[in-house]
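Working notes, structure below.
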Amino acid sequence: MNMLDRPTATPRIVSREEWRAARKAHLAREREVTHLNDQLSAERRALPWVEVDKDYVFEGPDGRETLADLFDGRDQLIVYHFMFGPDWKEGCVGCSFTADHFDGANLHLAHHGVTLVAASRAPYAAFQEFRKRMGWKFKWVSSAGSDFNVDYQVYPSEAEGAAGRYEYNYELHDGAPDEHHGISVFAKGPDGRIFHTYSSYARGVDILLGAHNLLDLTPKGRNERSTMDWVRLHDRYEDRPAAAHSCCGD
């Protein structure tokens, strides 16, 4: 079934005056949510920090880099944990959808003391062809050989893999080891010390998706039966093959 054929609620057709009254009532709810989001953001900024006491090494376009190097001279760093396993040929569909938003944001973030990069467990060379195909310009590094993905809970540790039980999104899950997505935020102090300030996973990453916000303004919204079931790699919408997997559950 084409997305445009999916059933939606029958709209109620009213006069302009009745529409305006309904819109104003909904506006009051929008303002309430806006103020709650402001409060939530303030609470997020007030979360305690933990010092990063491990020397992580990444591989990127400039060779080997430390976590401190990824800040690129700024004092705030956002790392997107991009699902791209060592033997994958393409990135996760949901992660790719998210990454499509990065280059536009980076036009501005760099001027506000923030560096945004992606990191994957695959070797650096493994995702260069895919990156070129997608046309992305943002910095994307490999965390292969380090504990970064394990420590920030986007890939199970060896012990978790052996036990078939691992932590993701602050909850325990059963299953075999697999790649997971998320975001982690770091700050660098004047003395060079690095602190982990925030991490979010699963639908917590939805905050990055401007396309979702635009769709939510439309009558049909996201028009999906399950989370992001309509999303494709942006060069595959014409023939619309099924996504290999979903990575953005609740």
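Chain identifiers are assigned as A, B, and so on, following the order in which chains appear in the structure tokens; residues are numbered from 1 within each chain, and ligands are numbered from 1 in order of appearance.
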
Next on the checklist: Report as an MDAnalysis selection string all protein, DNA and RNA residues lying within 9 Å of Ala163 (chain A), evaluated on only C-alpha atoms, omitting residues in the same chain fewer than 2 positions from it.
Outcome noted: chainID A and resid 158:161 165:166 174:176

Next on the checklist: Run DSSP on the backbone and tell me which residues of region 168-209 of chain A come out as strand (DSSP E or B); list them as a list in words.
Outcome noted: Tyr168, Glu171, Leu172, His173, Asp174, Gly182, Ile183, Ser184, Val185, Phe186, Ala187, Lys188, Ile194, Phe195, His196, Thr197, Tyr198, Ser199, Ser200 and Tyr201 of chain A

Next on the checklist: Would you pick out the contacts of region 10-16 of chain A at 12 Å or less, using only C-alpha atoms, so that residues sharing its chain but fewer than 4 positions from it are not included, and give the list as number ranges by chain?
Outcome noted: A: 20-23, 219-220

Next on the checklist: Can you measure CA of Tyr152 (chain A) to CA of Trp140 (chain A) for me? One decimal in Å is fine.
Outcome noted: 17.0 Å

Next on the checklist: To one decimal place in Å, what is the distance between CA of Leu109 (chain A) and CA of Asp75 (chain A)?
Outcome noted: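 Here the two named atoms are 11.8 Å from each other.
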
Checklist entry - So which residues touch Val141 (chain A) within 6 Å, counting only C-alpha atoms, skipping near sequence neighbours fewer than 6 positions away, as a VMD selection string? => result chain A and resid 59 to 60 119

How about saving the chosen residues, all heavy atoms kept, as a short mmCIF file (atom, residue, chain, number, x, y, z; two decimals), in the first residue's frame?
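See again00.cif below for the written result:
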data_model
loop_
_atom_site.label_atom_id
_atom_site.label_comp_id
_atom_site.auth_asym_id
_atom_site.auth_seq_id
_atom_site.Cartn_x
_atom_site.Cartn_y
_atom_site.Cartn_z
N GLU A 59 39.83 6.57 14.57
CA GLU A 59 40.48 6.80 13.28
C GLU A 59 39.54 7.61 12.41
O GLU A 59 38.36 7.27 12.27
CB GLU A 59 40.82 5.49 12.58
CG GLU A 59 41.58 5.73 11.27
CD GLU A 59 41.91 4.44 10.54
OE1 GLU A 59 41.54 3.36 11.01
OE2 GLU A 59 42.55 4.55 9.47
N GLY A 60 40.06 8.69 11.85
CA GLY A 60 39.25 9.56 11.01
C GLY A 60 40.03 10.06 9.82
O GLY A 60 41.09 9.52 9.47
N ALA A 119 30.31 8.35 15.08
CA ALA A 119 31.31 7.31 15.34
C ALA A 119 30.67 5.95 15.14
O ALA A 119 29.52 5.73 15.54
CB ALA A 119 31.86 7.43 16.76
#

Distance table requested - region 61-113 of chain A against region 181-189 of chain A, cut-off 6 Å, only C-alpha atoms: one row per qualifying residue with the closest atom pair and its distance in Å to one decimal, ordered by chain and rising residue number, as JSON lines.
{"residue": "A:Asp75", "atom": "CA", "partner": "A:Lys188", "partner_atom": "CA", "distance": 4.8}
{"residue": "A:Gln76", "atom": "CA", "partner": "A:Ala187", "partner_atom": "CA", "distance": 4.6}
{"residue": "A:Leu77", "atom": "CA", "partner": "A:Phe186", "partner_atom": "CA", "distance": 5.1}
{"residue": "A:Ile78", "atom": "CA", "partner": "A:Val185", "partner_atom": "CA", "distance": 4.6}
{"residue": "A:Val79", "atom": "CA", "partner": "A:Ser184", "partner_atom": "CA", "distance": 5.3}
{"residue": "A:Tyr80", "atom": "CA", "partner": "A:Ile183", "partner_atom": "CA", "distance": 4.5}
{"residue": "A:His81", "atom": "CA", "partner": "A:Gly182", "partner_atom": "CA", "distance": 5.1}
{"residue": "A:Phe82", "atom": "CA", "partner": "A:His181", "partner_atom": "CA", "distance": 5.7}
{"residue": "A:Met83", "atom": "CA", "partner": "A:His181", "partner_atom": "CA", "distance": 5.7}

Item to check | Within 12 Å of region 36-44 of chain A using only C-alpha atoms, minus same-chain residues under 3 positions, as a list of chain:residue names | outcome: A:Arg29, A:Glu30, A:Arg31, A:Glu32, A:Val33, A:Leu47, A:Pro48, A:Trp49, A:Val185, A:Thr197, A:Tyr198, A:Ser199, A:Ser200, A:Ile207

Checklist entry - Which residue out of A:Tyr124, A:Phe84, A:Phe148, A:Phe195 has the minimum interatomic distance to Glu179 (chain A) when only C-alpha atoms are used? => result A:Phe84

Using 9 Å as the limit and counting only C-alpha atoms, can you tabulate each residue of region 68-185 of chain A that touches region 232-236 of chain A, with its shortest atom-to-atom distance in Å and the two atoms involved, as a tab-separated table?
residue	atom	partner	partner_atom	distance
A:Gly91	CA	A:Leu233	CA	8.9
A:Cys92	CA	A:Leu233	CA	8.7
A:Val93	CA	A:Leu233	CA	5.7
A:Gly94	CA	A:Arg232	CA	8.0
A:Ser96	CA	A:Leu233	CA	6.6
A:Phe97	CA	A:Leu233	CA	6.8
A:Asp100	CA	A:His234	CA	8.3
A:Arg133	CA	A:Asp235	CA	8.6
A:Met134	CA	A:Asp235	CA	7.6

Could you turn the residues from that selection into a file that holds N, CA, C and O atoms, as a short mmCIF file (atom, residue, chain, number, x, y, z; two decimals), in the first residue's frame?
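Below is the file that was written, part_37.cif:
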data_model
loop_
_atom_site.label_atom_id
_atom_site.label_comp_id
_atom_site.auth_asym_id
_atom_site.auth_seq_id
_atom_site.Cartn_x
_atom_site.Cartn_y
_atom_site.Cartn_z
N GLY A 91 25.03 1.63 5.95
CA GLY A 91 24.69 2.01 7.30
C GLY A 91 23.24 1.71 7.60
O GLY A 91 22.42 1.49 6.71
N CYS A 92 22.92 1.68 8.88
CA CYS A 92 21.54 1.54 9.34
C CYS A 92 20.66 2.58 8.66
O CYS A 92 21.04 3.74 8.51
N VAL A 93 19.46 2.16 8.22
CA VAL A 93 18.55 3.08 7.53
C VAL A 93 18.14 4.23 8.44
O VAL A 93 18.15 5.41 8.04
N GLY A 94 17.79 3.91 9.69
CA GLY A 94 17.38 4.96 10.62
C GLY A 94 18.52 5.90 10.96
O GLY A 94 18.34 7.12 11.05
N SER A 96 21.03 6.56 9.04
CA SER A 96 21.28 7.35 7.83
C SER A 96 20.28 8.48 7.71
O SER A 96 20.62 9.61 7.31
N PHE A 97 19.01 8.20 8.03
CA PHE A 97 17.99 9.24 8.05
C PHE A 97 18.38 10.35 9.03
O PHE A 97 18.29 11.54 8.73
N ASP A 100 21.29 12.48 7.75
CA ASP A 100 20.93 13.44 6.70
C ASP A 100 20.68 14.83 7.27
O ASP A 100 20.66 15.82 6.52
N ARG A 133 28.65 7.88 -1.27
CA ARG A 133 27.36 7.67 -1.94
C ARG A 133 26.27 8.55 -1.35
O ARG A 133 25.43 9.10 -2.07
N MET A 134 26.27 8.72 -0.02
CA MET A 134 25.26 9.54 0.65
C MET A 134 25.53 11.04 0.53
O MET A 134 24.65 11.86 0.79
#

Next on the checklist: According to DSSP computed on the backbone, where in region 45-241 of chain A is there alpha helix (DSSP H)? Give the residues as a PyMOL selection string.
Outcome noted: chain A and resi 45+67-70+93-99+102-109+128-134+148-151+158-163+210-215
